[in-house]
Amino acid sequence: MIAARGMLAALLLVAPLRSDYEVWWKRAAGAVRTMGLMGEMGEAELREVALEFLGPERVKVGQVVLYRSHEDLERAAGKAGTDVSYESWLTLLKYRGTGCPEMTEITKIGRAIVQRAVDRECRTKRAVLRGEKDPLLRRVDGVELEILHIVFQPLDYSEKVWGKKSMCLQFYVRTKSEVSIELAREFLLEMKELSRMPEILVVVRNDAWFIEDSAFPAIYPFDGPVEHIPTKEEYQVSQATCGWLYPGPVSWWCEWSEEACRARDD
């Protein structure tokens, strides 16, 4: 009896933790899918769920994200309001701190799937689950880009307007090369062709400080611990451009050149 109890105790010690999670959202529109989970879930089970959800050939852009707690979801969320100033962002940052959410994100673009994870100490892990290359690292016209963050926003009016469910996709992209309207345009058109979504926003910067973009987290969590908070002056002189596709011509504006900042239709 004692030996049996000892064996049972040993099994309990090595047994994986029981999954205890909820599905917070689950949305699909054409070739695009997104699902949010909250709670405890083993890595193997999360991968299984994500690969089943994102795996079908018809899914071209998709994401499954697991947050460990409500606090983590709040920390990973964007900023309140649509008109975000440097000062309001700094206030939010002081409230939340520079720590990271504990979360795992599995993203599919095209056929490739990558997993990114971060803990509250901003320690990160990254692994390609399907395909030969990380789909978040891309080349457009010979220029290297990194997709930092994707927002999947349901369009409630889409069925009435277009006769089918659609989402607005928002891509936040970083490049070490010079930021240009042409670069953002080529990336936007590539994502339009891939996703077949009618409404797409692309923002390109030389850094990860998308301070005035309400949908982007206050702190980008997958670069590791924050070493330097940009001053307002540093942020204002950094290069950025933005493209918006809303059925019809693509409208552009940018934040780094007086001459180029005027919106234009192409």
# chains A, B, ... in the order shown; residues from 1 in each chain; ligands from 1

$ closest_atom_pairs --of "stretch 46-92 of chain A" --to "stretch 223-234 of chain A" --cutoff "10 Å" --atoms "only C-alpha atoms" --output "tab-separated table"
residue	atom	partner	partner_atom	distance
A:Ser85	CA	A:Lys232	CA	9.9
A:Tyr86	CA	A:Lys232	CA	6.6
A:Glu87	CA	A:Lys232	CA	8.5
A:Leu90	CA	A:Ile229	CA	9.4

$ select_by_dssp --residues "stretch 173-233 of chain A" --states "helix (DSSP H, G or I)" --output "PyMOL selection string"
chain A and resi 181-195+221-223+232-233

$ atom_distance --atom1 "atom CA of A:Pro198" --atom2 "atom CA of A:Arg33"
15.0 Å

$ closest_residue --among "A:Lys165, A:Arg205, A:Arg47, A:His70" --to "A:Ala184" --atoms "only C-alpha atoms"
A:Arg205

$ residues_around --residues "A:Glu43" --least-positions-apart "5" --cutoff "10 Å" --atoms "only C-alpha atoms" --output "ChimeraX atom specification"
/A:48-49,104

$ write_last_selection --atoms "C-alpha atoms" --output "CSV table (one decimal), in the first residue's frame"
chain,number,residue,atom,x,y,z
A,48,GLU,CA,-2.6,21.4,-31.2
A,49,VAL,CA,-5.6,23.8,-30.8
A,104,THR,CA,1.7,33.0,-26.2

$ closest_residue --among "A:Ile113, A:Leu51, A:Leu136, A:Leu189" --to "A:Val173" --atoms "only C-alpha atoms"
A:Leu136

$ closest_residue --among "A:Cys168, A:Pro217, A:Val84, A:Val202" --to "A:Cys100" --atoms "only C-alpha atoms"
A:Pro217

$ atom_distance --atom1 "atom CA of A:Val203" --atom2 "atom CA of A:Arg174"
8.5 Å
